$ cat work-v6.txt   # compact mmCIF, C-alpha atoms and all ligand atoms
# COMPACT_ATOMS: atom_id res chain seq x y z
CA MET A 211 -180.77 -90.76 -53.40
CA SER A 212 -181.60 -87.20 -52.40
CA PHE A 213 -180.23 -85.00 -49.64
CA ALA A 214 -181.78 -82.18 -47.64
CA ALA A 215 -180.53 -78.76 -48.66
CA GLU A 216 -179.25 -78.27 -45.14
CA ASP A 217 -176.94 -81.29 -45.44
CA LEU A 218 -175.34 -79.71 -48.49
CA SER A 219 -175.06 -76.21 -47.08
CA ARG A 220 -171.29 -76.51 -46.44
CA PHE A 221 -170.53 -78.42 -49.62
CA ALA A 222 -169.03 -76.97 -52.79
CA ILE A 223 -167.93 -78.53 -56.02
CA ASN A 224 -164.52 -77.33 -57.07
CA GLN A 225 -164.86 -76.45 -60.70
CA ILE A 226 -161.83 -78.46 -61.77
CA THR A 227 -163.97 -81.54 -61.09
CA THR A 228 -166.17 -80.65 -64.10
CA PRO A 229 -163.81 -79.06 -66.66
CA LYS A 230 -166.16 -79.72 -69.58
CA TRP A 231 -168.44 -77.05 -68.14
CA SER A 232 -167.76 -73.33 -68.53
CA LEU A 233 -168.34 -71.20 -65.42
CA PRO A 234 -171.98 -70.35 -66.30
CA GLU A 235 -172.62 -74.02 -67.09
CA ALA A 236 -171.08 -75.07 -63.78
CA ILE A 237 -173.17 -72.54 -61.82
CA GLU A 238 -176.36 -73.81 -63.46
CA GLY A 239 -175.25 -77.45 -63.29
CA TYR A 240 -174.45 -77.44 -59.57
CA ALA A 241 -177.66 -75.55 -58.79
CA ARG A 242 -179.60 -78.22 -60.71
CA HIS A 243 -178.30 -80.73 -58.19
CA GLY A 244 -179.35 -78.55 -55.25
CA LEU A 245 -175.83 -77.27 -54.63
CA HIS A 246 -175.06 -73.64 -53.98
CA GLY A 247 -171.35 -73.90 -53.21
CA ILE A 248 -168.68 -73.54 -55.87
CA ALA A 249 -164.91 -73.13 -55.97
CA VAL A 250 -164.08 -71.08 -59.04
CA TRP A 251 -161.06 -71.59 -61.31
CA ARG A 252 -159.28 -68.61 -62.72
CA HIS A 253 -159.19 -69.60 -66.40
CA PHE A 254 -162.95 -70.19 -66.39
CA LEU A 255 -163.45 -66.89 -64.57
CA ASN A 256 -161.36 -65.05 -67.16
CA ASP A 257 -163.35 -66.66 -69.99
CA TYR A 258 -166.64 -65.47 -68.49
CA GLY A 259 -165.47 -62.11 -67.13
CA VAL A 260 -165.35 -61.17 -63.47
CA SER A 261 -168.39 -58.85 -63.50
CA ALA A 262 -170.59 -61.32 -65.41
CA ALA A 263 -169.51 -64.09 -63.06
CA ALA A 264 -170.23 -62.03 -59.96
CA ARG A 265 -173.70 -61.18 -61.29
CA HIS A 266 -174.51 -64.78 -62.22
CA LEU A 267 -173.26 -66.15 -58.89
CA ARG A 268 -175.48 -63.67 -57.06
CA GLN A 269 -178.53 -64.43 -59.22
CA ALA A 270 -178.09 -68.18 -58.72
CA ASP A 271 -177.65 -67.70 -54.95
CA MET A 272 -174.22 -69.34 -54.99
CA TRP A 273 -171.53 -68.95 -52.33
CA VAL A 274 -167.89 -69.23 -53.33
CA ALA A 275 -165.56 -71.43 -51.28
CA SER A 276 -162.33 -70.29 -52.95
CA LEU A 277 -160.74 -68.94 -56.11
CA CYS A 278 -158.16 -71.30 -57.63
CA THR A 279 -155.33 -70.52 -58.08
CA SER A 280 -152.64 -67.91 -57.65
CA ALA A 281 -150.15 -67.17 -60.43
CA TRP A 282 -146.79 -68.87 -60.12
CA VAL A 283 -143.92 -66.94 -58.63
CA ASN A 284 -141.03 -68.97 -60.00
CA GLU A 285 -138.91 -66.73 -62.22
CA LEU A 286 -135.38 -65.93 -61.22
CA ASP A 287 -135.11 -62.33 -62.42
CA SER A 288 -136.52 -59.49 -60.37
CA GLU A 289 -138.65 -57.98 -63.14
CA ALA A 290 -140.50 -61.25 -63.62
CA PHE A 291 -140.93 -61.48 -59.84
CA ARG A 292 -142.60 -58.03 -59.89
CA ARG A 293 -144.90 -59.09 -62.71
CA ALA A 294 -145.93 -62.21 -60.80
CA ILE A 295 -146.68 -60.11 -57.70
CA GLU A 296 -148.86 -57.76 -59.77
CA ALA A 297 -150.67 -60.71 -61.41
CA ASN A 298 -151.43 -62.13 -57.98
CA LYS A 299 -152.76 -58.78 -56.78
CA ARG A 300 -155.23 -58.76 -59.70
CA ILE A 301 -156.30 -62.30 -58.78
CA LEU A 302 -156.93 -61.18 -55.19
CA ASP A 303 -159.01 -58.29 -56.60
CA ALA A 304 -161.05 -60.74 -58.68
CA ALA A 305 -161.58 -62.98 -55.64
CA ALA A 306 -162.98 -60.03 -53.69
CA LYS A 307 -165.38 -59.22 -56.55
CA ILE A 308 -166.85 -62.73 -56.67
CA GLY A 309 -167.02 -63.07 -52.88
CA ALA A 310 -164.30 -65.72 -52.57
CA PRO A 311 -162.86 -65.70 -49.05
CA CYS A 312 -159.46 -66.89 -50.26
CA VAL A 313 -157.21 -67.39 -53.25
CA VAL A 314 -155.66 -70.85 -53.21
CA MET A 315 -151.93 -70.21 -53.37
CA VAL A 316 -150.34 -72.75 -55.69
CA ILE A 317 -147.33 -70.58 -55.76
CA GLY A 318 -144.87 -72.23 -58.09
CA GLY A 319 -142.32 -75.01 -58.32
CA LEU A 320 -138.81 -74.58 -59.59
CA ALA A 321 -138.00 -72.17 -62.39
CA HIS A 322 -136.99 -73.84 -65.64
CA GLY A 323 -133.48 -75.21 -65.22
CA ASP A 324 -133.28 -74.22 -61.53
CA LYS A 325 -132.16 -76.74 -58.91
CA ASP A 326 -132.22 -74.49 -55.86
CA ILE A 327 -135.37 -75.53 -54.01
CA ALA A 328 -134.32 -73.65 -50.85
CA GLY A 329 -133.94 -70.49 -52.95
CA GLN A 330 -137.41 -71.00 -54.43
CA ARG A 331 -138.89 -71.52 -50.96
CA SER A 332 -137.47 -68.22 -49.82
CA ARG A 333 -138.76 -66.50 -53.01
CA VAL A 334 -142.25 -67.84 -52.23
CA ARG A 335 -141.99 -66.57 -48.69
CA ASP A 336 -140.97 -63.11 -49.95
CA ALA A 337 -143.90 -63.13 -52.40
CA LEU A 338 -146.40 -64.02 -49.67
CA PHE A 339 -145.16 -61.20 -47.46
CA GLU A 340 -145.45 -58.76 -50.37
CA LEU A 341 -148.99 -59.90 -51.10
CA ALA A 342 -150.21 -59.99 -47.49
CA PRO A 343 -151.12 -56.26 -47.16
CA HIS A 344 -153.01 -56.33 -50.49
CA ALA A 345 -154.88 -59.47 -49.46
CA ALA A 346 -155.78 -57.93 -46.10
CA ALA A 347 -157.00 -54.73 -47.78
CA ARG A 348 -159.30 -56.78 -50.03
CA GLY A 349 -160.55 -59.00 -47.20
CA VAL A 350 -159.31 -62.07 -49.06
CA LYS A 351 -156.98 -64.60 -47.42
CA LEU A 352 -153.85 -66.03 -48.93
CA GLY A 353 -155.01 -69.66 -48.85
CA LEU A 354 -151.85 -71.69 -48.29
CA GLU A 355 -152.40 -75.19 -49.68
CA PRO A 356 -149.53 -77.57 -49.09
CA LEU A 357 -149.16 -79.81 -52.15
CA HIS A 358 -147.91 -83.41 -52.06
CA PRO A 359 -144.12 -83.46 -52.58
CA MET A 360 -144.55 -85.06 -56.02
CA TYR A 361 -145.62 -81.59 -57.20
CA ALA A 362 -142.61 -79.75 -55.71
CA ALA A 363 -140.77 -79.41 -59.02
CA ASP A 364 -143.59 -78.17 -61.23
CA ARG A 365 -146.41 -76.78 -59.07
CA SER A 366 -145.48 -75.62 -55.59
CA VAL A 367 -142.56 -75.89 -53.19
CA LEU A 368 -144.98 -75.52 -50.28
CA ASN A 369 -145.30 -79.20 -49.48
CA LEU A 370 -145.96 -79.83 -45.80
CA ILE A 371 -148.91 -78.81 -43.66
CA SER A 372 -146.37 -78.01 -40.92
CA GLY A 373 -144.63 -75.58 -43.31
CA ALA A 374 -147.96 -73.98 -44.21
CA ASN A 375 -148.76 -73.58 -40.50
CA ASP A 376 -145.32 -72.00 -39.94
CA LEU A 377 -146.03 -69.48 -42.70
CA CYS A 378 -149.49 -68.75 -41.31
CA ASP A 379 -147.86 -68.07 -37.92
CA GLU A 380 -145.55 -65.56 -39.59
CA LEU A 381 -148.10 -63.95 -41.93
CA GLY A 382 -150.82 -63.62 -39.32
CA ASP A 383 -154.36 -62.75 -40.33
CA ALA A 384 -153.63 -62.32 -44.05
CA ALA A 385 -153.13 -66.07 -44.50
CA ALA A 386 -155.18 -69.18 -43.86
CA LEU A 387 -154.82 -72.89 -44.47
CA VAL A 388 -156.37 -74.74 -47.41
CA VAL A 389 -156.24 -78.41 -46.51
CA ASP A 390 -156.54 -81.16 -49.10
CA VAL A 391 -156.72 -84.79 -48.00
CA TYR A 392 -154.97 -85.77 -51.25
CA HIS A 393 -151.85 -83.85 -50.29
CA CYS A 394 -151.83 -84.56 -46.55
CA TRP A 395 -153.32 -88.02 -45.91
CA TRP A 396 -149.91 -89.75 -45.77
CA ASP A 397 -148.30 -87.22 -43.41
CA PRO A 398 -147.70 -88.57 -39.85
CA ALA A 399 -148.18 -84.98 -38.63
CA PHE A 400 -151.55 -84.48 -40.40
CA GLU A 401 -153.72 -84.78 -37.29
CA SER A 402 -151.40 -82.83 -34.98
CA GLU A 403 -150.98 -80.04 -37.56
CA LEU A 404 -154.76 -79.77 -37.97
CA ARG A 405 -154.99 -79.35 -34.20
CA ARG A 406 -152.21 -76.78 -34.32
CA ALA A 407 -154.11 -74.86 -37.01
CA GLY A 408 -157.35 -74.96 -35.07
CA ARG A 409 -160.82 -74.42 -36.50
CA ASP A 410 -160.44 -70.80 -37.50
CA ARG A 411 -157.25 -71.05 -39.55
CA ILE A 412 -158.69 -73.72 -41.88
CA ILE A 413 -160.57 -71.75 -44.54
CA THR A 414 -161.66 -74.62 -46.78
CA PHE A 415 -161.14 -78.37 -46.94
CA HIS A 416 -160.64 -80.40 -50.14
CA TYR A 417 -161.90 -83.94 -50.66
CA CYS A 418 -160.91 -86.55 -53.22
CA ASP A 419 -159.16 -89.90 -52.89
CA TRP A 420 -155.68 -91.36 -53.39
CA LEU A 421 -155.83 -94.18 -55.89
CA VAL A 422 -153.63 -97.27 -55.85
CA LEU A 423 -152.06 -97.25 -58.42
CA THR A 424 -151.82 -93.57 -59.35
CA ARG A 425 -151.23 -93.41 -63.11
CA ASN A 426 -150.22 -89.79 -63.63
CA LEU A 427 -150.11 -86.43 -61.83
CA ARG A 428 -153.80 -85.84 -62.60
CA ASP A 429 -155.27 -89.10 -61.41
CA ARG A 430 -157.17 -88.36 -58.24
CA GLY A 431 -160.02 -90.60 -57.22
CA MET A 432 -163.65 -90.13 -56.25
CA VAL A 433 -164.19 -90.14 -52.48
CA GLY A 434 -164.37 -93.78 -51.38
CA ASP A 435 -162.37 -95.25 -54.28
CA GLY A 436 -158.94 -95.00 -52.66
CA VAL A 437 -157.09 -95.27 -49.36
CA VAL A 438 -158.02 -92.02 -47.59
CA ASN A 439 -159.77 -92.62 -44.24
CA PHE A 440 -162.59 -90.07 -44.48
CA PRO A 441 -164.48 -90.99 -41.29
CA ARG A 442 -161.32 -90.59 -39.23
CA ILE A 443 -160.35 -87.27 -40.82
CA ARG A 444 -163.88 -85.87 -40.53
CA GLY A 445 -163.79 -86.94 -36.87
CA TRP A 446 -160.63 -84.88 -36.31
CA LEU A 447 -162.37 -81.86 -37.84
CA ASP A 448 -165.44 -82.40 -35.67
CA ASP A 449 -163.19 -82.52 -32.60
CA LEU A 450 -161.78 -79.14 -33.66
CA GLY A 451 -165.26 -77.74 -34.21
CA TYR A 452 -164.47 -76.95 -37.85
CA GLU A 453 -167.48 -75.25 -39.45
CA GLY A 454 -166.06 -74.21 -42.81
CA PRO A 455 -166.68 -75.58 -46.29
CA PHE A 456 -165.86 -78.90 -47.88
CA GLU A 457 -165.00 -79.00 -51.57
CA LEU A 458 -164.93 -81.97 -53.90
CA GLU A 459 -161.86 -81.39 -56.07
CA ILE A 460 -160.94 -84.10 -58.56
CA PHE A 461 -158.20 -83.87 -61.17
CA SER A 462 -158.79 -86.93 -63.32
CA GLU A 463 -157.62 -86.93 -66.91
CA LEU A 464 -158.31 -90.61 -67.44
CA ASP A 465 -161.66 -91.02 -65.70
CA TRP A 466 -163.85 -88.27 -64.19
CA TRP A 467 -162.89 -85.55 -66.69
CA THR A 468 -164.04 -87.82 -69.51
CA ARG A 469 -167.49 -88.41 -67.99
CA ASP A 470 -170.69 -86.39 -68.20
CA PRO A 471 -170.24 -83.61 -65.56
CA ASP A 472 -173.77 -84.26 -64.30
CA GLU A 473 -172.68 -87.80 -63.42
CA ALA A 474 -169.58 -86.54 -61.59
CA VAL A 475 -171.69 -84.10 -59.56
CA ARG A 476 -174.39 -86.67 -58.75
CA ILE A 477 -171.93 -89.35 -57.64
CA GLY A 478 -169.78 -86.74 -55.88
CA ILE A 479 -172.74 -85.64 -53.75
CA GLU A 480 -173.61 -89.26 -52.88
CA ARG A 481 -170.04 -90.16 -51.93
CA CYS A 482 -169.29 -86.99 -49.96
CA ALA A 483 -172.66 -86.76 -48.16
CA PRO A 484 -171.59 -88.77 -45.09
CA TYR A 485 -168.61 -86.46 -44.55
CA ILE A 486 -170.15 -83.03 -45.17
CA GLY A 487 -173.31 -83.03 -43.10
CA PRO A 488 -174.10 -80.69 -40.23
CA LEU A 489 -171.67 -80.85 -37.38
CA ARG A 490 -174.23 -80.74 -34.63
CA PRO A 491 -177.75 -82.06 -34.26
CA LYS A 492 -180.30 -80.32 -36.42
CA GLY A 493 -181.31 -76.89 -35.19
CA SER A 494 -178.19 -76.21 -33.15
CA GLU A 495 -175.64 -75.74 -35.89
CA ARG A 496 -174.48 -72.42 -37.19
CA ARG A 497 -175.46 -72.28 -40.82
CA TYR A 498 -172.55 -71.66 -43.17
CA GLY A 499 -172.73 -69.33 -46.14
ZN ZN A 501 -156.83 -79.00 -53.35

$ encode --input "work-v6.txt" --output "structure tokens" --more "lines below"
Ligand code: ZN
Amino acid sequence: MSFAAEDLSRFAINQITTPKWSLPEAIEGYARHGLHGIAVWRHFLNDYGVSAAARHLRQADMWVASLCTSAWVNELDSEAFRRAIEANKRILDAAAKIGAPCVVMVIGGLAHGDKDIAGQRSRVRDALFELAPHAAARGVKLGLEPLHPMYAADRSVLNLISGANDLCDELGDAAALVVDVYHCWWDPAFESELRRAGRDRIITFHYCDWLVLTRNLRDRGMVGDGVVNFPRIRGWLDDLGYEGPFELEIFSELDWWTRDPDEAVRIGIERCAPYIGPLRPKGSERRYG
């Protein structure tokens, strides 16, 4: 099956879907499949170097949906908090250099031995307010991605889309919403919180599927293999007039990470195609990217 370039113009592969590929390999690999969207991961970016990556992305005519992810802010002492703030500022700088419109803020679960989740939530809030002016100065959004509560202890205490919307209300223009169906599909407030966010607050949208049974914390499914209702969710986004990117983002230790990345990209394009196409009839849509 092949797809017109226009149908893929809002679609990016999130690099974590193909972890066998380095960043240059991913850029070339996605382009081979006619894709020019990529979400870049920080460890791959560091391996390649920010300047080399920026050059290669430009040469390959790639657009960047997001830079994943922020550094954790989950240490209890104030010196470590300062270090985490500085690390996140450097990540925002790197995002600006590669043209990423946001850094996905996976901002930290509980510190080792800590049981005060309310305290950690307020630490995260403080960190976001400290980072907001730097993000605004770089023209890069703090991309608030609520993570499913099963990640609250070890990844991020930002767990509800309603909480992410509350923070966006407080932070204003410096923040935006990164929505992932994997983290939000179960939430009775998913649809109403998308409406509350509106089209302009959602900066990128992550696709993958929730498998029954889920075997570990990195066992996300290919679109169509689980219980997520993609036509319904895409319909909500169409009603909002959402025109931003869609990313395929699959963490899959036991399945997709073991496969040939070319296979993951090919099947990913096929499975996502019905839910990423142009919003409006051909010729009337605003081209993204
Ligand atoms: Zn995600």

$ closest_atom_pairs --input "work-v6.txt" --of "segment 382-449 of chain A" --to "segment 266-286 of chain A" --cutoff "12 Å" --atoms "all atoms listed in the file" --output "tab-separated table"
residue	atom	partner	partner_atom	distance
A:Ala386	CA	A:Ser276	CA	11.6
A:Leu387	CA	A:Ser276	CA	11.6
A:Val388	CA	A:Ser276	CA	9.3
A:Ile412	CA	A:Ala275	CA	11.9
A:Ile413	CA	A:Ala275	CA	8.4
A:Thr414	CA	A:Ala275	CA	6.8
A:Phe415	CA	A:Ala275	CA	9.3
A:His416	CA	A:Ala275	CA	10.3

$ write_last_selection --input "work-v6.txt" --atoms "C-alpha atoms" --output "JSON list (two decimals), in the frame of the given file"
[["chain", "number", "residue", "atom", "x", "y", "z"],
["A", 386, "ALA", "CA", -155.18, -69.18, -43.86],
["A", 387, "LEU", "CA", -154.82, -72.89, -44.47],
["A", 388, "VAL", "CA", -156.37, -74.74, -47.41],
["A", 412, "ILE", "CA", -158.69, -73.72, -41.88],
["A", 413, "ILE", "CA", -160.57, -71.75, -44.54],
["A", 414, "THR", "CA", -161.66, -74.62, -46.78],
["A", 415, "PHE", "CA", -161.14, -78.37, -46.94],
["A", 416, "HIS", "CA", -160.64, -80.40, -50.14]]

$ closest_atom_pairs --input "work-v6.txt" --of "chain A" --to "ligand ZN 501 (chain A)" --cutoff "9 Å" --atoms "all atoms listed in the file" --output "JSON lines"
{"residue": "A:Asn224", "atom": "CA", "partner": "A:ZN501", "partner_atom": "ZN", "distance": 8.7}
{"residue": "A:Cys278", "atom": "CA", "partner": "A:ZN501", "partner_atom": "ZN", "distance": 8.9}
{"residue": "A:Val314", "atom": "CA", "partner": "A:ZN501", "partner_atom": "ZN", "distance": 8.2}
{"residue": "A:Glu355", "atom": "CA", "partner": "A:ZN501", "partner_atom": "ZN", "distance": 6.9}
{"residue": "A:Pro356", "atom": "CA", "partner": "A:ZN501", "partner_atom": "ZN", "distance": 8.6}
{"residue": "A:Leu357", "atom": "CA", "partner": "A:ZN501", "partner_atom": "ZN", "distance": 7.8}
{"residue": "A:Val388", "atom": "CA", "partner": "A:ZN501", "partner_atom": "ZN", "distance": 7.3}
{"residue": "A:Val389", "atom": "CA", "partner": "A:ZN501", "partner_atom": "ZN", "distance": 6.9}
{"residue": "A:Asp390", "atom": "CA", "partner": "A:ZN501", "partner_atom": "ZN", "distance": 4.8}
{"residue": "A:Val391", "atom": "CA", "partner": "A:ZN501", "partner_atom": "ZN", "distance": 7.9}
{"residue": "A:Tyr392", "atom": "CA", "partner": "A:ZN501", "partner_atom": "ZN", "distance": 7.3}
{"residue": "A:His393", "atom": "CA", "partner": "A:ZN501", "partner_atom": "ZN", "distance": 7.6}
{"residue": "A:Phe415", "atom": "CA", "partner": "A:ZN501", "partner_atom": "ZN", "distance": 7.7}
{"residue": "A:His416", "atom": "CA", "partner": "A:ZN501", "partner_atom": "ZN", "distance": 5.2}
{"residue": "A:Tyr417", "atom": "CA", "partner": "A:ZN501", "partner_atom": "ZN", "distance": 7.6}
{"residue": "A:Cys418", "atom": "CA", "partner": "A:ZN501", "partner_atom": "ZN", "distance": 8.6}
{"residue": "A:Glu457", "atom": "CA", "partner": "A:ZN501", "partner_atom": "ZN", "distance": 8.4}
{"residue": "A:Leu458", "atom": "CA", "partner": "A:ZN501", "partner_atom": "ZN", "distance": 8.6}
{"residue": "A:Glu459", "atom": "CA", "partner": "A:ZN501", "partner_atom": "ZN", "distance": 6.2}
{"residue": "A:Ile460", "atom": "CA", "partner": "A:ZN501", "partner_atom": "ZN", "distance": 8.4}

$ write_last_selection --input "work-v6.txt" --atoms "C-alpha atoms" --output "PDB file, in the frame of the given file"
ATOM      1  CA  ASN A 224    -164.520 -77.330 -57.070  1.00  0.00           C
ATOM      2  CA  CYS A 278    -158.160 -71.300 -57.630  1.00  0.00           C
ATOM      3  CA  VAL A 314    -155.660 -70.850 -53.210  1.00  0.00           C
ATOM      4  CA  GLU A 355    -152.400 -75.190 -49.680  1.00  0.00           C
ATOM      5  CA  PRO A 356    -149.530 -77.570 -49.090  1.00  0.00           C
ATOM      6  CA  LEU A 357    -149.160 -79.810 -52.150  1.00  0.00           C
ATOM      7  CA  VAL A 388    -156.370 -74.740 -47.410  1.00  0.00           C
ATOM      8  CA  VAL A 389    -156.240 -78.410 -46.510  1.00  0.00           C
ATOM      9  CA  ASP A 390    -156.540 -81.160 -49.100  1.00  0.00           C
ATOM     10  CA  VAL A 391    -156.720 -84.790 -48.000  1.00  0.00           C
ATOM     11  CA  TYR A 392    -154.970 -85.770 -51.250  1.00  0.00           C
ATOM     12  CA  HIS A 393    -151.850 -83.850 -50.290  1.00  0.00           C
ATOM     13  CA  PHE A 415    -161.140 -78.370 -46.940  1.00  0.00           C
ATOM     14  CA  HIS A 416    -160.640 -80.400 -50.140  1.00  0.00           C
ATOM     15  CA  TYR A 417    -161.900 -83.940 -50.660  1.00  0.00           C
ATOM     16  CA  CYS A 418    -160.910 -86.550 -53.220  1.00  0.00           C
ATOM     17  CA  GLU A 457    -165.000 -79.000 -51.570  1.00  0.00           C
ATOM     18  CA  LEU A 458    -164.930 -81.970 -53.900  1.00  0.00           C
ATOM     19  CA  GLU A 459    -161.860 -81.390 -56.070  1.00  0.00           C
ATOM     20  CA  ILE A 460    -160.940 -84.100 -58.560  1.00  0.00           C
TER      21      ILE A 460
END

$ closest_residue --input "work-v6.txt" --among "A:Leu218, A:Ala328, A:Ala337, A:Ala305" --to "Val260 of chain A" --atoms "all atoms listed in the file"
A:Ala305

$ residues_around --input "work-v6.txt" --residues "Trp466 of chain A" --least-positions-apart "2" --cutoff "12 Å" --atoms "all atoms listed in the file" --output "number ranges by chain"
A: 226-230, 418, 428-433, 459-464, 468-478

$ atom_distance --input "work-v6.txt" --atom1 "atom CA of Val334 of chain A" --atom2 "atom CA of Leu302 of chain A"
16.4 Å

$ residues_around --input "work-v6.txt" --residues "Ile327 of chain A" --least-positions-apart "4" --cutoff "8 Å" --atoms "all atoms listed in the file" --output "list in words"
Leu320, Arg331 and Val367 of chain A

$ residues_around --input "work-v6.txt" --residues "Asn439 of chain A" --least-positions-apart "2" --cutoff "12 Å" --atoms "all atoms listed in the file" --output "number ranges by chain"
A: 391-392, 394-396, 417-420, 433-437, 441-446, 485

$ write_last_selection --input "work-v6.txt" --atoms "C-alpha atoms" --output "mmCIF file, in the coordinates of the input"
data_model
loop_
_atom_site.group_PDB
_atom_site.id
_atom_site.type_symbol
_atom_site.label_atom_id
_atom_site.label_comp_id
_atom_site.auth_asym_id
_atom_site.auth_seq_id
_atom_site.Cartn_x
_atom_site.Cartn_y
_atom_site.Cartn_z
ATOM 1 C CA VAL A 391 -156.720 -84.790 -48.000
ATOM 2 C CA TYR A 392 -154.970 -85.770 -51.250
ATOM 3 C CA CYS A 394 -151.830 -84.560 -46.550
ATOM 4 C CA TRP A 395 -153.320 -88.020 -45.910
ATOM 5 C CA TRP A 396 -149.910 -89.750 -45.770
ATOM 6 C CA TYR A 417 -161.900 -83.940 -50.660
ATOM 7 C CA CYS A 418 -160.910 -86.550 -53.220
ATOM 8 C CA ASP A 419 -159.160 -89.900 -52.890
ATOM 9 C CA TRP A 420 -155.680 -91.360 -53.390
ATOM 10 C CA VAL A 433 -164.190 -90.140 -52.480
ATOM 11 C CA GLY A 434 -164.370 -93.780 -51.380
ATOM 12 C CA ASP A 435 -162.370 -95.250 -54.280
ATOM 13 C CA GLY A 436 -158.940 -95.000 -52.660
ATOM 14 C CA VAL A 437 -157.090 -95.270 -49.360
ATOM 15 C CA PRO A 441 -164.480 -90.990 -41.290
ATOM 16 C CA ARG A 442 -161.320 -90.590 -39.230
ATOM 17 C CA ILE A 443 -160.350 -87.270 -40.820
ATOM 18 C CA ARG A 444 -163.880 -85.870 -40.530
ATOM 19 C CA GLY A 445 -163.790 -86.940 -36.870
ATOM 20 C CA TRP A 446 -160.630 -84.880 -36.310
ATOM 21 C CA TYR A 485 -168.610 -86.460 -44.550
#

$ atom_distance --input "work-v6.txt" --atom1 "atom CA of Ala347 of chain A" --atom2 "atom CA of Tyr258 of chain A"
25.2 Å

$ closest_residue --input "work-v6.txt" --among "A:Trp467, A:Glu453, A:Ala385, A:Glu403" --to "Gly373 of chain A" --atoms "all atoms listed in the file"
A:Glu403

$ residues_around --input "work-v6.txt" --residues "Ser288 of chain A" --least-positions-apart "5" --cutoff "12 Å" --atoms "all atoms listed in the file" --output "NGL selection string"
:A and (283 or 293-295 or 333 or 336-337)

$ decode --input "work-v6.txt" --residues "segment 470-474 of chain A" --atoms "all heavy atoms" --output "compact mmCIF listing (two decimals), in the first residue's frame"
# COMPACT_ATOMS: atom_id res chain seq x y z
N ASP A 470 12.59 -5.44 12.87
CA ASP A 470 13.29 -4.56 11.94
C ASP A 470 12.57 -3.20 11.95
O ASP A 470 11.36 -3.14 11.73
CB ASP A 470 13.21 -5.21 10.55
CG ASP A 470 13.84 -4.35 9.47
OD1 ASP A 470 14.26 -3.20 9.77
OD2 ASP A 470 13.93 -4.83 8.33
N PRO A 471 13.28 -2.09 12.22
CA PRO A 471 12.62 -0.78 12.26
C PRO A 471 11.87 -0.45 10.97
O PRO A 471 10.82 0.21 11.02
CB PRO A 471 13.78 0.19 12.48
CG PRO A 471 14.85 -0.61 13.15
CD PRO A 471 14.72 -2.00 12.59
N ASP A 472 12.38 -0.91 9.83
CA ASP A 472 11.67 -0.66 8.57
C ASP A 472 10.26 -1.25 8.60
O ASP A 472 9.31 -0.67 8.07
CB ASP A 472 12.45 -1.26 7.39
CG ASP A 472 13.42 -0.25 6.79
OD1 ASP A 472 12.97 0.85 6.42
OD2 ASP A 472 14.62 -0.57 6.70
N GLU A 473 10.14 -2.42 9.23
CA GLU A 473 8.83 -3.07 9.34
C GLU A 473 7.90 -2.26 10.25
O GLU A 473 6.72 -2.06 9.93
CB GLU A 473 9.03 -4.49 9.90
CG GLU A 473 7.72 -5.27 10.01
CD GLU A 473 7.89 -6.58 10.78
OE1 GLU A 473 9.03 -6.95 11.14
OE2 GLU A 473 6.86 -7.22 11.04
N ALA A 474 8.46 -1.77 11.36
CA ALA A 474 7.64 -0.97 12.28
C ALA A 474 7.14 0.30 11.59
O ALA A 474 5.97 0.68 11.75
CB ALA A 474 8.45 -0.61 13.53
